[in-house]
file input01.cif (mmCIF, C-alpha atoms)
data_final
loop_
_atom_site.label_atom_id
_atom_site.label_comp_id
_atom_site.auth_asym_id
_atom_site.auth_seq_id
_atom_site.Cartn_x
_atom_site.Cartn_y
_atom_site.Cartn_z
CA MET A 1 149.13 162.92 217.85
CA HIS A 2 147.18 162.69 221.05
CA THR A 3 145.62 166.00 222.08
CA PRO A 4 145.50 166.72 225.83
CA THR A 5 142.07 167.53 227.19
CA ARG A 6 143.34 170.32 229.41
CA PRO A 7 146.41 172.63 229.63
CA THR A 8 149.44 170.48 230.35
CA ALA A 9 153.12 171.34 230.79
CA LEU A 10 155.63 168.74 229.65
CA PRO A 11 159.01 170.38 230.31
CA GLU A 12 160.84 167.06 230.49
CA MET A 13 159.94 166.45 226.81
CA GLY A 14 160.53 170.02 225.70
CA LEU A 15 156.84 170.38 224.93
CA ILE A 16 154.22 172.96 225.84
CA TRP A 17 150.45 172.89 225.44
CA ARG A 18 148.74 175.50 223.28
CA ALA A 19 145.04 175.43 222.42
CA ASP A 20 144.36 171.97 220.94
CA VAL A 21 147.84 171.11 219.65
CA ILE A 22 151.20 170.21 221.09
CA ILE A 23 154.14 172.35 219.96
CA ASP A 24 157.74 171.24 220.16
CA HIS A 25 159.20 174.38 221.75
CA LYS A 26 162.82 173.55 220.87
CA LYS A 27 162.06 172.90 217.21
CA PHE A 28 159.98 176.08 217.05
CA GLN A 29 162.90 178.12 218.37
CA THR A 30 165.36 176.74 215.82
CA GLY A 31 162.98 176.16 212.92
CA ALA A 32 160.74 178.54 211.02
CA LYS A 33 161.60 181.52 213.26
CA LYS A 34 165.34 181.03 213.39
CA GLY A 35 167.07 183.70 215.43
CA ARG A 36 164.27 184.13 217.94
CA ALA A 37 166.08 181.89 220.41
CA ASP A 38 168.92 184.39 220.55
CA ARG A 39 166.55 187.05 221.84
CA HIS A 40 164.27 184.85 223.92
CA PRO A 41 166.07 181.77 225.28
CA PRO A 42 163.58 178.87 225.60
CA ILE A 43 162.53 178.27 229.16
CA ASP A 44 163.11 174.54 228.84
CA GLY A 45 166.36 174.91 226.85
CA ASN A 46 169.07 177.33 227.97
CA PRO A 47 167.39 179.99 230.08
CA MET A 48 169.25 183.25 230.71
CA GLU A 49 169.71 183.53 234.45
CA ALA A 50 168.89 186.84 236.13
CA ARG A 51 168.57 188.16 239.67
CA LEU A 52 166.36 190.83 241.24
CA THR A 53 167.64 192.35 244.49
CA LEU A 54 165.83 194.95 246.58
CA GLU A 55 167.41 197.69 248.66
CA ASP A 56 166.74 195.77 251.87
CA GLY A 57 168.70 192.77 250.57
CA ARG A 58 165.79 190.49 249.64
CA SER A 59 166.83 188.71 246.45
CA PHE A 60 164.93 186.69 243.85
CA ALA A 61 166.25 184.38 241.15
CA CYS A 62 164.57 184.63 237.74
CA ARG A 63 165.38 184.39 234.04
CA SER A 64 165.24 186.83 231.16
CA PHE A 65 162.99 186.23 228.17
CA THR A 66 164.31 189.30 226.33
CA GLY A 67 168.03 188.57 226.32
CA PRO A 68 170.80 190.13 228.41
CA GLY A 69 170.22 193.36 230.25
CA GLU A 70 170.04 195.31 233.47
CA ALA A 71 167.51 197.73 234.92
CA SER A 72 166.90 199.67 238.11
CA GLY A 73 164.08 201.63 239.70
CA GLU A 74 161.30 201.34 242.23
CA VAL A 75 159.62 197.90 242.28
CA VAL A 76 155.81 197.98 242.38
CA PHE A 77 153.03 195.47 241.68
CA ASN A 78 149.87 195.62 239.59
CA THR A 79 146.88 193.38 240.37
CA SER A 80 145.17 193.56 236.95
CA MET A 81 144.44 190.26 235.21
CA THR A 82 144.69 191.83 231.74
CA GLY A 83 145.94 195.07 230.21
CA TYR A 84 149.67 194.46 230.42
CA GLN A 85 150.34 196.46 227.25
CA GLU A 86 148.49 199.44 228.71
CA VAL A 87 150.59 199.05 231.87
CA LEU A 88 153.82 198.93 229.87
CA THR A 89 153.05 202.11 227.95
CA ASP A 90 151.48 204.16 230.77
CA PRO A 91 153.82 207.14 231.44
CA SER A 92 152.81 206.99 235.12
CA TYR A 93 155.11 203.95 235.41
CA SER A 94 158.22 205.84 234.35
CA GLY A 95 161.13 204.96 236.63
CA GLN A 96 159.43 201.82 237.96
CA MET A 97 159.86 198.09 237.50
CA VAL A 98 156.43 196.49 237.42
CA THR A 99 155.49 192.99 238.51
CA MET A 100 152.12 191.52 237.58
CA THR A 101 150.37 189.51 240.29
CA TYR A 102 148.42 187.55 237.68
CA PRO A 103 150.72 184.62 236.86
CA LEU A 104 150.20 184.15 233.09
CA VAL A 105 151.34 187.10 230.97
CA GLY A 106 151.83 187.43 227.22
CA ASN A 107 149.12 185.05 226.05
CA TYR A 108 147.30 187.59 223.85
CA GLY A 109 150.40 189.40 222.53
CA VAL A 110 150.46 193.12 221.77
CA ASN A 111 149.08 195.38 219.06
CA PRO A 112 149.56 199.04 218.07
CA ASP A 113 146.01 200.07 219.03
CA ASP A 114 146.34 199.36 222.76
CA ALA A 115 149.38 201.53 223.48
CA GLU A 116 148.86 204.41 225.94
CA SER A 117 151.88 206.39 224.72
CA ALA A 118 154.49 206.36 221.97
CA LYS A 119 156.80 203.90 223.74
CA ILE A 120 157.23 201.46 226.63
CA GLN A 121 157.58 203.46 229.84
CA VAL A 122 158.42 200.86 232.51
CA ALA A 123 162.05 200.26 233.48
CA ALA A 124 161.54 196.46 233.49
CA PHE A 125 158.69 193.96 233.40
CA LEU A 126 158.55 191.10 235.92
CA VAL A 127 156.21 188.12 235.57
CA LYS A 128 155.70 184.62 236.90
CA GLU A 129 155.20 182.84 233.59
CA TYR A 130 155.75 184.36 230.16
CA GLN A 131 153.65 183.01 227.28
CA PRO A 132 155.76 183.25 224.09
CA PHE A 133 153.04 182.15 221.65
CA PRO A 134 150.21 184.73 221.60
CA SER A 135 146.77 183.56 220.52
CA ASN A 136 144.64 186.56 219.60
CA PHE A 137 143.39 187.81 216.23
CA ARG A 138 144.43 191.37 217.18
CA SER A 139 148.00 190.43 218.07
CA THR A 140 150.75 191.70 215.78
CA GLN A 141 153.74 190.91 217.98
CA SER A 142 154.73 188.81 220.97
CA LEU A 143 155.28 190.51 224.30
CA GLY A 144 158.94 189.40 224.33
CA ASP A 145 159.63 190.85 220.88
CA TYR A 146 157.85 194.06 221.86
CA LEU A 147 160.02 194.52 224.95
CA SER A 148 163.20 193.56 223.09
CA SER A 149 162.52 195.97 220.24
CA GLN A 150 162.64 198.85 222.74
CA GLY A 151 165.48 197.55 224.89
CA VAL A 152 163.31 196.85 227.95
CA LEU A 153 164.21 193.89 230.14
CA GLY A 154 161.54 191.25 230.75
CA VAL A 155 162.00 188.41 233.22
CA GLU A 156 159.96 185.36 234.21
CA GLY A 157 160.30 182.49 236.63
CA LEU A 158 160.05 185.07 239.41
CA ASP A 159 158.16 184.25 242.60
CA THR A 160 155.77 187.15 242.09
CA ARG A 161 153.59 186.12 245.04
CA ALA A 162 156.55 186.30 247.46
CA LEU A 163 157.71 189.59 245.92
CA THR A 164 154.23 191.12 246.23
CA ARG A 165 153.88 190.02 249.87
CA HIS A 166 157.32 191.48 250.60
CA ILE A 167 156.37 194.84 249.05
CA ARG A 168 153.05 194.89 250.92
CA ASN A 169 154.91 194.36 254.19
CA GLY A 170 157.96 196.52 253.55
CA GLY A 171 156.62 199.01 251.03
CA ALA A 172 157.64 199.76 247.46
CA MET A 173 161.41 200.00 247.33
CA ARG A 174 164.34 200.50 245.03
CA ALA A 175 165.89 197.51 243.28
CA ILE A 176 168.16 196.30 240.50
CA ILE A 177 167.63 193.38 238.16
CA SER A 178 170.50 192.02 236.08
CA THR A 179 171.65 189.15 233.87
CA ARG A 180 175.26 190.34 234.17
CA ASP A 181 175.68 190.81 237.91
CA LEU A 182 174.21 187.88 239.86
CA ASP A 183 175.81 188.65 243.21
CA ALA A 184 173.11 189.58 245.72
CA GLU A 185 175.40 191.69 247.92
CA SER A 186 176.71 193.66 244.97
CA LEU A 187 173.17 194.25 243.71
CA LYS A 188 172.01 195.37 247.16
CA ARG A 189 174.74 198.03 247.32
CA ARG A 190 173.81 199.25 243.87
CA ALA A 191 170.08 199.23 244.65
CA ASN A 192 170.69 201.57 247.57
CA ALA A 193 172.32 204.03 245.17
CA VAL A 194 169.22 204.21 242.95
CA PRO A 195 167.49 207.64 243.30
CA SER A 196 164.40 207.63 245.50
CA MET A 197 161.00 208.28 243.96
CA VAL A 198 160.35 210.85 246.71
CA GLY A 199 161.38 214.28 245.47
CA MET A 200 161.73 213.13 241.87
CA ASP A 201 160.10 215.23 239.13
CA LEU A 202 159.41 212.72 236.35
CA ALA A 203 156.53 214.60 234.75
CA ARG A 204 158.89 216.92 232.90
CA SER A 205 160.75 213.97 231.35
CA VAL A 206 157.67 212.13 230.01
CA SER A 207 155.71 215.18 228.84
CA THR A 208 155.34 216.00 225.17
CA PRO A 209 158.10 218.40 223.99
CA THR A 210 155.69 220.27 221.71
CA ALA A 211 151.96 220.88 221.64
CA TYR A 212 149.65 218.70 219.56
CA ARG A 213 146.02 218.34 218.59
CA TRP A 214 144.17 215.09 219.17
CA THR A 215 142.72 214.40 215.74
CA ALA A 216 141.15 211.28 214.25
CA GLY A 217 142.22 209.14 217.18
CA LYS A 218 145.88 210.11 217.21
CA PRO A 219 148.19 213.04 218.01
CA GLU A 220 148.85 215.61 215.31
CA MET A 221 151.91 217.63 216.25
CA ILE A 222 151.65 221.40 215.94
CA THR A 223 154.70 222.34 213.92
CA ASP A 224 156.93 225.33 214.58
CA GLY A 225 155.29 227.03 211.62
CA VAL A 226 151.93 227.05 213.41
CA LYS A 227 151.58 229.74 216.03
CA LEU A 228 150.21 228.38 219.29
CA ASP A 229 147.38 230.79 219.88
CA ALA A 230 143.59 230.93 219.91
CA GLY A 231 143.54 230.56 216.13
CA LEU A 232 144.61 226.94 216.23
CA TRP A 233 141.16 225.57 217.15
CA ARG A 234 139.53 223.86 214.20
CA LEU A 235 136.03 223.49 215.62
CA ARG A 236 135.67 226.68 217.61
CA GLY A 237 132.01 227.09 218.53
CA GLN A 238 131.09 223.58 217.42
CA ARG A 239 132.82 221.72 220.28
CA PRO A 240 134.00 222.88 223.71
CA SER A 241 137.76 223.42 223.58
CA VAL A 242 140.04 221.87 226.19
CA VAL A 243 143.71 222.40 226.85
CA ALA A 244 145.20 219.28 228.42
CA ILE A 245 148.45 219.74 230.33
CA ASP A 246 150.57 216.68 229.67
CA PHE A 247 152.21 215.48 232.87
CA GLY A 248 152.30 211.96 231.37
CA LEU A 249 149.00 211.82 229.49
CA LYS A 250 147.59 208.41 228.54
CA TYR A 251 146.26 208.32 224.99
CA ASN A 252 142.95 206.87 226.14
CA ILE A 253 142.25 210.00 228.18
CA ALA A 254 142.53 212.04 224.98
CA ARG A 255 140.30 209.49 223.25
CA CYS A 256 137.68 209.82 226.00
CA LEU A 257 137.77 213.62 225.93
CA ASP A 258 137.31 213.49 222.16
CA LYS A 259 134.47 210.95 222.46
CA ALA A 260 132.79 213.15 225.08
CA GLY A 261 132.63 215.95 222.49
CA PHE A 262 135.66 218.10 223.30
CA GLU A 263 138.23 219.52 220.93
CA VAL A 264 141.57 218.76 222.58
CA VAL A 265 144.96 220.43 222.37
CA VAL A 266 147.72 218.90 224.51
CA VAL A 267 150.52 221.15 225.77
CA PRO A 268 153.83 220.44 227.58
CA ALA A 269 153.87 220.19 231.36
CA THR A 270 155.85 223.43 231.70
CA THR A 271 153.33 225.56 229.77
CA ASP A 272 152.51 228.59 231.91
CA ALA A 273 149.15 230.17 232.68
CA SER A 274 149.53 233.12 230.30
CA ARG A 275 150.25 230.80 227.36
CA ILE A 276 147.22 228.68 228.18
CA MET A 277 144.95 231.74 228.48
CA ALA A 278 146.24 232.95 225.11
CA LEU A 279 144.65 229.82 223.63
CA ALA A 280 141.29 230.94 225.08
CA PRO A 281 140.08 227.41 225.86
CA ASP A 282 136.73 226.60 227.42
CA GLY A 283 138.33 224.31 230.00
CA LEU A 284 141.57 222.92 231.40
CA PHE A 285 142.43 219.26 231.90
CA LEU A 286 145.25 218.05 234.21
CA SER A 287 146.61 214.66 233.18
CA ASN A 288 148.02 211.67 235.00
CA GLY A 289 151.78 211.27 235.34
CA PRO A 290 154.65 209.67 237.25
CA GLY A 291 156.69 210.47 240.32
CA ASP A 292 156.28 212.77 243.28
CA PRO A 293 153.77 215.61 242.70
CA GLU A 294 155.38 218.12 245.07
CA PRO A 295 158.47 218.79 242.86
CA VAL A 296 156.12 219.67 239.96
CA THR A 297 156.01 223.24 241.24
CA TYR A 298 155.58 224.74 237.75
CA GLY A 299 152.35 222.77 237.25
CA VAL A 300 151.03 223.68 240.70
CA GLU A 301 151.71 227.37 240.08
CA THR A 302 149.99 227.25 236.68
CA VAL A 303 146.87 225.66 238.15
CA ARG A 304 146.84 228.09 241.06
CA GLU A 305 146.84 231.02 238.62
CA LEU A 306 144.04 229.50 236.54
CA LEU A 307 141.68 228.62 239.41
CA GLY A 308 138.45 230.52 238.87
CA ARG A 309 139.47 231.56 235.36
CA LEU A 310 138.82 228.19 233.70
CA PRO A 311 136.83 225.08 234.64
CA ILE A 312 139.38 222.43 235.70
CA PHE A 313 139.26 218.63 235.69
CA GLY A 314 142.17 216.44 236.81
CA ILE A 315 142.97 212.73 236.84
CA CYS A 316 145.59 210.91 238.97
CA LEU A 317 148.65 213.21 239.20
CA GLY A 318 146.25 215.94 238.11
CA ASN A 319 144.27 215.30 241.30
CA GLN A 320 147.39 215.70 243.41
CA ILE A 321 148.45 218.86 241.59
CA LEU A 322 145.00 220.37 242.09
CA GLY A 323 145.20 219.43 245.77
CA LEU A 324 148.57 221.17 246.09
CA ALA A 325 147.27 224.23 244.23
CA LEU A 326 144.40 224.40 246.75
CA GLY A 327 146.86 224.54 249.64
CA GLY A 328 147.02 220.84 250.53
CA HIS A 329 149.94 218.44 250.85
CA THR A 330 150.72 215.00 249.45
CA TYR A 331 152.50 211.96 250.86
CA LYS A 332 153.89 208.66 249.61
CA LEU A 333 151.75 205.57 250.04
CA LYS A 334 153.35 202.44 251.45
CA PHE A 335 152.96 200.37 248.29
CA GLY A 336 150.56 202.43 246.19
CA HIS A 337 147.36 201.54 244.36
CA ARG A 338 147.92 199.77 241.04
CA GLY A 339 145.27 197.60 239.45
CA ALA A 340 141.84 197.51 237.81
CA ASN A 341 139.87 196.44 240.88
CA GLN A 342 140.04 199.25 243.42
CA PRO A 343 136.72 200.03 245.19
CA VAL A 344 135.97 203.75 245.55
CA LYS A 345 132.94 205.30 247.23
CA ASN A 346 131.32 208.36 245.69
CA LEU A 347 130.36 210.31 248.82
CA SER A 348 127.70 212.39 247.09
CA THR A 349 125.75 209.40 245.70
CA GLY A 350 126.76 206.65 248.12
CA LYS A 351 127.56 204.37 245.21
CA VAL A 352 130.72 202.26 245.01
CA GLU A 353 132.72 202.38 241.78
CA ILE A 354 135.21 199.70 240.73
CA THR A 355 138.15 201.70 239.46
CA SER A 356 141.48 201.37 237.70
CA GLN A 357 144.38 203.03 239.52
CA ASN A 358 148.08 203.65 239.23
CA HIS A 359 149.67 205.95 241.79
CA GLY A 360 152.14 205.89 244.63
CA PHE A 361 151.26 209.25 246.24
CA ALA A 362 148.03 210.66 247.66
CA VAL A 363 146.53 213.95 248.85
CA ASP A 364 146.54 214.36 252.62
CA MET A 365 142.91 214.86 253.61
CA LYS A 366 143.85 216.65 256.84
CA SER A 367 145.86 219.27 254.93
CA LEU A 368 142.84 220.49 252.96
CA ASP A 369 140.69 223.40 254.11
CA ALA A 370 137.32 221.70 254.58
CA GLY A 371 135.53 225.01 254.17
CA MET A 372 137.04 225.45 250.71
CA VAL A 373 137.63 221.89 249.45
CA GLU A 374 135.23 218.94 249.58
CA VAL A 375 136.45 215.34 249.50
CA THR A 376 134.14 213.64 246.99
CA HIS A 377 135.55 210.09 246.78
CA LEU A 378 137.27 207.70 249.20
CA ASN A 379 139.22 204.49 248.63
CA LEU A 380 137.41 201.73 250.54
CA ASN A 381 140.58 199.72 251.07
CA ASP A 382 142.46 202.35 253.07
CA ASN A 383 140.22 205.48 253.22
CA THR A 384 142.64 207.59 251.20
CA VAL A 385 141.42 210.54 249.13
CA GLU A 386 140.19 209.54 245.66
CA GLY A 387 138.48 212.74 244.61
CA ILE A 388 138.18 216.43 245.52
CA ARG A 389 136.33 219.51 244.33
CA HIS A 390 136.34 223.20 245.17
CA ARG A 391 133.15 224.27 246.92
CA ARG A 392 132.80 227.55 245.00
CA LEU A 393 135.10 227.46 241.96
CA PRO A 394 134.63 225.12 238.97
CA ALA A 395 137.43 222.66 239.73
CA PHE A 396 137.37 218.95 240.56
CA ALA A 397 139.60 215.90 240.18
CA VAL A 398 139.77 212.17 240.87
CA GLN A 399 142.73 210.01 241.80
CA TYR A 400 141.66 207.02 239.71
CA HIS A 401 141.42 206.45 235.94
CA PRO A 402 137.87 206.72 234.54
CA GLU A 403 139.22 206.33 230.98
CA ALA A 404 140.50 202.81 231.71
CA SER A 405 136.92 201.46 231.71
CA PRO A 406 136.94 199.34 234.84
CA GLY A 407 133.55 198.31 236.13
CA PRO A 408 133.43 198.64 233.04
CA HIS A 409 131.95 202.14 232.84
CA ASP A 410 131.35 203.08 236.47
CA ALA A 411 133.27 206.36 236.21
CA ALA A 412 132.43 207.49 232.66
CA TYR A 413 130.07 210.14 234.08
CA LEU A 414 133.05 212.30 235.06
CA PHE A 415 133.64 213.47 231.48
CA GLY A 416 130.00 214.52 231.28
CA GLN A 417 130.36 216.28 234.61
CA PHE A 418 133.30 218.24 233.16
CA LYS A 419 131.22 219.27 230.15
CA ALA A 420 128.32 220.36 232.36
CA MET A 421 130.70 222.42 234.49
CA MET A 422 132.06 224.15 231.38
CA LYS A 423 128.55 224.87 230.13
CA ALA A 424 127.57 226.38 233.47
CA ALA A 425 130.71 228.52 233.54
#
call {"tool": "encode", "arguments": {"input": "input01.cif", "output": "structure tokens"}}
result
Amino acid sequence: MHTPTRPTALPEMGLIWRADVIIDHKKFQTGAKKGRADRHPPIDGNPMEARLTLEDGRSFACRSFTGPGEASGEVVFNTSMTGYQEVLTDPSYSGQMVTMTYPLVGNYGVNPDDAESAKIQVAAFLVKEYQPFPSNFRSTQSLGDYLSSQGVLGVEGLDTRALTRHIRNGGAMRAIISTRDLDAESLKRRANAVPSMVGMDLARSVSTPTAYRWTAGKPEMITDGVKLDAGLWRLRGQRPSVVAIDFGLKYNIARCLDKAGFEVVVVPATTDASRIMALAPDGLFLSNGPGDPEPVTYGVETVRELLGRLPIFGICLGNQILGLALGGHTYKLKFGHRGANQPVKNLSTGKVEITSQNHGFAVDMKSLDAGMVEVTHLNLNDNTVEGIRHRRLPAFAVQYHPEASPGPHDAAYLFGQFKAMMKAA
């Protein structure tokens, strides 16, 4: 068989190019992996038609690669070229349908080591071209099978460039995607009934229901038989102890805290200040998370009570909650910051960091008391706040994700800065 010298699509023959061989897609679907076609209709066979319609009426034809389904939520876009599994499992995407601006998605599959939480968090996954045959020694499952196994709708054949331009112009908005209802007017009416992200407390819904230790690279739940008190620390005196409030914690943040030398116990978002102080930690970490920060009043109150009593470090939603606890306000960005290529200037060093971000809200710089709070980082795309610190108390936070290793390690110093702050305190 003749081998093409470069990637070639041959839809009229039912063939696709992969590495240095030609695969008959139709035979593959009905041959050795019989039954797969029922879940993932071949794109050159009998595709499952779907339609995405936004609240303003803009509608996009597409096709499902995970079988029949329907989903709703806020539509946002992510500009990362890789990391789609991390995007899928990031709790900060709860309630959102994510489209990837990079056109080819699925080519390296998925694996259990790259998950950022215990399950897929996005409401739906929207791509230009789905690659059903992963080629990666770490892959244990295709993207389509991964989505299907958790009942999450995945669609391809979508004009992701047009959708992204529309969101950039009109802002992130509510939408519905369906394989059952293909009427644009019907979908528009239903999209306008989807709850708005503004005013929505999603942190409570994605937070861990019970406390856990981060041990040997994974969570170890603290059972009801173990009293949650200062006696739970295993390495007291050997490692600084950190209580992490889980507003939607990514696993890699816990990994980074552990790698930086901390002993970590993660507690539910609603854990109050007295319960945290009963643990007698050396520091407090405020995690990332989804939704509007202002309805997370319980978290803001907890942080406000602990200011000056514990060194505090926050990431993403944690930055916004710290800002609210310091008397500031937050607001919704037009289309948010989502991607692994966001330039941020560190105002104290003058250096520019390439950062990974995922948020739709920001702290209002003008609402902060400049005599009490210093803005430490700025987004160079739109001059929004990317970091703050208290001028007298040991508390600081950043809006971006240093644990995601963009740059690749431009922001890793922040974990060391947290440790130094705890040592000084």
call {"tool": "resolve_selection", "arguments": {"input": "input01.cif", "expression": "the PyMOL selection byres ((chain A and resi 268-278) around 6)", "output": "ChimeraX atom specification"}}
result
/A:207-209,229,245-247,267,279-280,302
call {"tool": "residues_around", "arguments": {"input": "input01.cif", "residues": "A:Phe415", "least_positions_apart": "3", "cutoff": "12 Å", "atoms": "all atoms listed in the file", "output": "ChimeraX atom specification"}}
result
/A:242,253-262,283,285,312-315,396-398,401-403,409-412,418-422
call {"tool": "closest_residue", "arguments": {"input": "input01.cif", "among": "A:Gly416, A:Gly248, A:Pro406, A:Pro103", "to": "A:Pro343", "atoms": "all atoms listed in the file"}}
result
A:Pro406
call {"tool": "atom_distance", "arguments": {"input": "input01.cif", "atom1": "atom CA of A:Ser178", "atom2": "atom CA of A:Ala50"}}
result
5.4 Å
call {"tool": "atom_distance", "arguments": {"input": "input01.cif", "atom1": "atom CA of A:Leu286", "atom2": "atom CA of A:Val122"}}
result
21.7 Å
call {"tool": "residues_around", "arguments": {"input": "input01.cif", "residues": "A:Asp364", "least_positions_apart": "2", "cutoff": "12 Å", "atoms": "all atoms listed in the file", "output": "count of residues only"}}
result
27
call {"tool": "atom_distance", "arguments": {"input": "input01.cif", "atom1": "atom CA of A:Ser142", "atom2": "atom CA of A:Leu126"}}
result
15.6 Å
call {"tool": "resolve_selection", "arguments": {"input": "input01.cif", "expression": "the PyMOL selection byres ((chain A and resi 346) around 9)", "output": "PyMOL selection string"}}
result
chain A and resi 344-345+347-353+376-378+386-387
call {"tool": "write_last_selection", "arguments": {"input": "input01.cif", "atoms": "C-alpha atoms", "output": "PDB file, in the coordinates of the input"}}
result
ATOM      1  CA  VAL A 344     135.970 203.750 245.550  1.00  0.00           C
ATOM      2  CA  LYS A 345     132.940 205.300 247.230  1.00  0.00           C
ATOM      3  CA  LEU A 347     130.360 210.310 248.820  1.00  0.00           C
ATOM      4  CA  SER A 348     127.700 212.390 247.090  1.00  0.00           C
ATOM      5  CA  THR A 349     125.750 209.400 245.700  1.00  0.00           C
ATOM      6  CA  GLY A 350     126.760 206.650 248.120  1.00  0.00           C
ATOM      7  CA  LYS A 351     127.560 204.370 245.210  1.00  0.00           C
ATOM      8  CA  VAL A 352     130.720 202.260 245.010  1.00  0.00           C
ATOM      9  CA  GLU A 353     132.720 202.380 241.780  1.00  0.00           C
ATOM     10  CA  THR A 376     134.140 213.640 246.990  1.00  0.00           C
ATOM     11  CA  HIS A 377     135.550 210.090 246.780  1.00  0.00           C
ATOM     12  CA  LEU A 378     137.270 207.700 249.200  1.00  0.00           C
ATOM     13  CA  GLU A 386     140.190 209.540 245.660  1.00  0.00           C
ATOM     14  CA  GLY A 387     138.480 212.740 244.610  1.00  0.00           C
TER      15      GLY A 387
END
call {"tool": "residues_around", "arguments": {"input": "input01.cif", "residues": "A:Pro240", "least_positions_apart": "3", "cutoff": "7 Å", "atoms": "all atoms listed in the file", "output": "ChimeraX atom specification"}}
result
/A:237,262-263,282
call {"tool": "resolve_selection", "arguments": {"input": "input01.cif", "expression": "the PyMOL selection byres ((chain A and resi 155) around 7)", "output": "PDB file with C-alpha atoms, in the coordinates of the input"}}
result
ATOM      1  CA  CYS A  62     164.570 184.630 237.740  1.00  0.00           C
ATOM      2  CA  ARG A  63     165.380 184.390 234.040  1.00  0.00           C
ATOM      3  CA  SER A  64     165.240 186.830 231.160  1.00  0.00           C
ATOM      4  CA  PHE A  65     162.990 186.230 228.170  1.00  0.00           C
ATOM      5  CA  PHE A 125     158.690 193.960 233.400  1.00  0.00           C
ATOM      6  CA  LEU A 126     158.550 191.100 235.920  1.00  0.00           C
ATOM      7  CA  VAL A 127     156.210 188.120 235.570  1.00  0.00           C
ATOM      8  CA  LEU A 153     164.210 193.890 230.140  1.00  0.00           C
ATOM      9  CA  GLY A 154     161.540 191.250 230.750  1.00  0.00           C
ATOM     10  CA  GLU A 156     159.960 185.360 234.210  1.00  0.00           C
TER      11      GLU A 156
END
call {"tool": "residues_around", "arguments": {"input": "input01.cif", "residues": "stretch 164-176 of chain A", "least_positions_apart": "5", "cutoff": "6 Å", "atoms": "all atoms listed in the file", "output": "count of residues only"}}
result
13
call {"tool": "closest_residue", "arguments": {"input": "input01.cif", "among": "A:Ala184, A:Ile177, A:Val198, A:Ile354", "to": "A:Asn341", "atoms": "only C-alpha atoms"}}
result
A:Ile354
call {"tool": "closest_residue", "arguments": {"input": "input01.cif", "among": "A:Gln357, A:Asp181, A:Pro281, A:Val266", "to": "A:Ala211", "atoms": "all atoms listed in the file"}}
result
A:Val266
call {"tool": "closest_residue", "arguments": {"input": "input01.cif", "among": "A:Leu202, A:Met97, A:Leu158, A:Val264", "to": "A:Pro290", "atoms": "all atoms listed in the file"}}
result
A:Leu202
call {"tool": "closest_residue", "arguments": {"input": "input01.cif", "among": "A:Ala61, A:Val300, A:Met48, A:Ala404", "to": "A:Lys250", "atoms": "only C-alpha atoms"}}
result
A:Ala404
call {"tool": "residues_around", "arguments": {"input": "input01.cif", "residues": "A:Thr101", "least_positions_apart": "2", "cutoff": "12 Å", "atoms": "only C-alpha atoms", "output": "MDAnalysis selection string"}}
result
chainID A and resid 76:82 84 98:99 103:105 125:129 158:165 167 338:340
call {"tool": "residues_near_point", "arguments": {"input": "input01.cif", "point": "(143.7, 204.6, 224.3)", "cutoff": "6 Å", "atoms": "all atoms listed in the file", "output": "list of chain:residue names"}}
result
A:Glu116, A:Tyr251, A:Asn252
call {"tool": "closest_residue", "arguments": {"input": "input01.cif", "among": "A:Lys423, A:Phe133, A:Glu185, A:Ala124", "to": "A:Gly151", "atoms": "all atoms listed in the file"}}
result
A:Ala124
call {"tool": "axis_aligned_box", "arguments": {"input": "input01.cif", "around": "stretch 370-388 of chain A", "padding_each_side": "3 Å", "output": "AutoDock Vina command-line options"}}
result
--center_x 138.4 --center_y 212.6 --center_z 249.6 --size_x 14.5 --size_y 31.7 --size_z 16.0
call {"tool": "decode", "arguments": {"input": "input01.cif", "residues": "stretch 327-334 of chain A", "atoms": "N, CA and C atoms", "output": "PDB file, in the first residue's frame"}}
result
ATOM      1  N   GLY A 327     -12.073  43.856  51.406  1.00  0.00           N
ATOM      2  CA  GLY A 327     -12.961  44.989  51.188  1.00  0.00           C
ATOM      3  C   GLY A 327     -13.179  45.378  49.747  1.00  0.00           C
ATOM      4  N   GLY A 328     -12.622  44.605  48.795  1.00  0.00           N
ATOM      5  CA  GLY A 328     -12.776  44.925  47.384  1.00  0.00           C
ATOM      6  C   GLY A 328     -14.050  44.354  46.787  1.00  0.00           C
ATOM      7  N   HIS A 329     -14.186  44.522  45.485  1.00  0.00           N
ATOM      8  CA  HIS A 329     -15.325  43.984  44.744  1.00  0.00           C
ATOM      9  C   HIS A 329     -14.802  43.237  43.513  1.00  0.00           C
ATOM     10  N   THR A 330     -15.663  42.407  42.942  1.00  0.00           N
ATOM     11  CA  THR A 330     -15.315  41.681  41.729  1.00  0.00           C
ATOM     12  C   THR A 330     -16.338  41.978  40.635  1.00  0.00           C
ATOM     13  N   TYR A 331     -15.982  41.671  39.399  1.00  0.00           N
ATOM     14  CA  TYR A 331     -16.892  41.886  38.280  1.00  0.00           C
ATOM     15  C   TYR A 331     -16.648  40.807  37.231  1.00  0.00           C
ATOM     16  N   LYS A 332     -17.617  40.631  36.351  1.00  0.00           N
ATOM     17  CA  LYS A 332     -17.515  39.612  35.314  1.00  0.00           C
ATOM     18  C   LYS A 332     -16.778  40.175  34.100  1.00  0.00           C
ATOM     19  N   LEU A 333     -15.796  39.422  33.633  1.00  0.00           N
ATOM     20  CA  LEU A 333     -15.085  39.793  32.418  1.00  0.00           C
ATOM     21  C   LEU A 333     -15.945  39.500  31.192  1.00  0.00           C
ATOM     22  N   LYS A 334     -15.661  40.179  30.105  1.00  0.00           N
ATOM     23  CA  LYS A 334     -16.480  40.019  28.900  1.00  0.00           C
ATOM     24  C   LYS A 334     -16.462  38.578  28.400  1.00  0.00           C
TER      25      LYS A 334
END
